[in-house]
Amino acid sequence: MISRSTRIGIGAISALAAGTLDSKALVSSMGRTAGRHPRNPQEAPWPSVPDRLVADLALDGGSLARVQTPTVSVIIPTLNEAESLPWVLENLPSWVDEVVLVDGLSTDATEVLARRTRPGAVVGHQPRRGKGAALRAGFAAATGDIIVMIDADGSTDPREMHQFIAALKDGSDFVKGSRYIKPGGSADFTLLRSAGNKCFVVMANILYGSRFTDLCYGYCAFWRKHLEILALTADGFEIETQLVLGAVKAGLEIRETPSFELKRRAGVSNLNAVRDGMRVLRTMLGQGDVRRDAATIHFTLRKIHLPVWSTDRVPSGGERRWIDRRRFSRAASGYTWTKPHIDERRRTVGSVVAYRADYEQPTRHLAA
């Protein structure tokens, strides 16, 4: 038996593909829209950042110092981003209070360069694969009043961040970037990704009574106090959809702000349009956690101390550093290293605090 929500979703995609569904007419005809401001029910939903706030920030040189400013934590998931991450860190606004770098299983100089560029960065280690798993670990480690999530490849421009903060300070609970609100756009859209995203936008607006213009985009900001009610469990790229729809379900005020997606500065994307598109679809239909063991979702952050070597440097071509923290499943991960001489390991100049996500042991269901 196919559920009603599934039939609606399939019908929306078919209609959009056939060109018979006018998404603008559909949106304008909706009676209830999630995300309206509770103090003004007649206010247009999904307002962009007020122009007056953006103008004030521009006149003040992008600084938020003139008003009481909440602390801001920026979460950056990384996996072998040594060629692009320094640019991202160097272009972060000066008023960012905390940078949380979540390293997957990087085998290049990502962490070394991050500490050189941003010595005070908080580093978290996430052994589980996936952008969602990395972001959830970063959210747990963050201490700021506001959480901003951006990508390490340079596609999400850190110089746009003041727009997101301005909207949150103006009363919104959750702010998401939109590539479909001028002057936003994308230099990295393929035809397949663009078509798939438009289909998902129409589906979300039908199923959840929303008025989004963009859905699968990872530039978002929200108040950390709302983290628990977002109920995040995703491990992959569907985390972006789960975040937004979780905010809708929780009745948070959501705003969209124009954002221009840049081309990634190096490397290739880990996104698979078909595989990850199906995961987004399952998330939208409320089936994202079917058959998932609780142990694959819940984790604790364990504080660890990493040594800082006097010889710490950027690895040369093809070289991979041996670090004590690589204690988990080295053989399975394919991580290779050359163990340094014992005398070199003794020459440390201190240590830094980092965090590691430790998952529960999988539960075993025994037959009665």
# chains A, B, ... in the order shown; residues from 1 in each chain; ligands from 1
$ select_by_dssp --residues "region 29-228 of chain A" --states "helix (DSSP H, G or I)" --output "ChimeraX atom specification"
/A:51-59,85-90,110-117,131-141,158-169,191-208,224-228
$ closest_atom_pairs --of "region 204-269 of chain A" --to "region 135-147 of chain A" --cutoff "6 Å" --atoms "only C-alpha atoms" --output "tab-separated table"
residue	atom	partner	partner_atom	distance
A:Ala221	CA	A:Ile147	CA	5.5
A:Phe222	CA	A:Ile147	CA	5.5
A:Trp223	CA	A:Ile146	CA	4.5
A:Arg224	CA	A:Ile146	CA	5.4
$ residues_around --residues "Phe212 (chain A)" --least-positions-apart "5" --cutoff "8 Å" --atoms "only C-alpha atoms" --output "compact mmCIF listing (two decimals) with N, CA and C atoms, in the first residue's frame"
# COMPACT_ATOMS: atom_id res chain seq x y z
N TRP A 46 8.92 33.40 4.26
CA TRP A 46 10.27 33.30 3.71
C TRP A 46 10.83 34.65 3.30
N VAL A 201 12.09 20.88 -4.25
CA VAL A 201 11.48 22.10 -3.72
C VAL A 201 9.96 22.02 -3.84
N ALA A 204 8.60 19.46 -1.32
CA ALA A 204 8.61 19.97 0.05
C ALA A 204 7.49 20.98 0.26
N ASN A 205 7.27 21.83 -0.72
CA ASN A 205 6.21 22.84 -0.59
C ASN A 205 4.82 22.21 -0.56
N GLU A 256 14.84 32.85 4.01
CA GLU A 256 15.82 32.59 2.98
C GLU A 256 16.56 33.88 2.67
$ closest_residue --among "A:Tyr359, A:Phe237, A:Ala134, A:Met284" --to "Ser269 (chain A)" --atoms "only C-alpha atoms"
A:Phe237
$ closest_residue --among "A:Ala167, A:His226, A:Gly132, A:Val353" --to "Asp276 (chain A)" --atoms "only C-alpha atoms"
A:Gly132
$ closest_atom_pairs --of "region 74-139 of chain A" --to "region 303-306 of chain A" --cutoff "12 Å" --atoms "only C-alpha atoms" --output "CSV"
residue,atom,partner,partner_atom,distance
A:Glu111,CA,A:Leu306,CA,11.6
A:Val122,CA,A:Lys303,CA,11.1
A:Val123,CA,A:Leu306,CA,10.1
A:Gly124,CA,A:Lys303,CA,9.1
A:His125,CA,A:Ile304,CA,9.8
$ write_last_selection --atoms "C-alpha atoms" --output "compact mmCIF listing (two decimals), in the first residue's frame"
# COMPACT_ATOMS: atom_id res chain seq x y z
CA GLU A 111 44.50 19.71 9.79
CA VAL A 122 38.43 23.48 17.57
CA VAL A 123 39.08 20.15 15.84
CA GLY A 124 36.74 17.21 15.98
CA HIS A 125 37.45 13.74 14.58
$ closest_residue --among "A:Met161, A:Leu207, A:Leu271, A:Leu227" --to "Ser94 (chain A)" --atoms "only C-alpha atoms"
A:Met161
$ atom_distance --atom1 "CA of Phe260 (chain A)" --atom2 "CA of Ser186 (chain A)"
5.4 Å
$ atom_distance --atom1 "CA of Asp214 (chain A)" --atom2 "CA of Leu262 (chain A)"
15.8 Å
$ select_by_dssp --residues "region 119-175 of chain A" --states "strand (DSSP E or B)" --output "PyMOL selection string"
chain A and resi 122-125+146-149+174-175
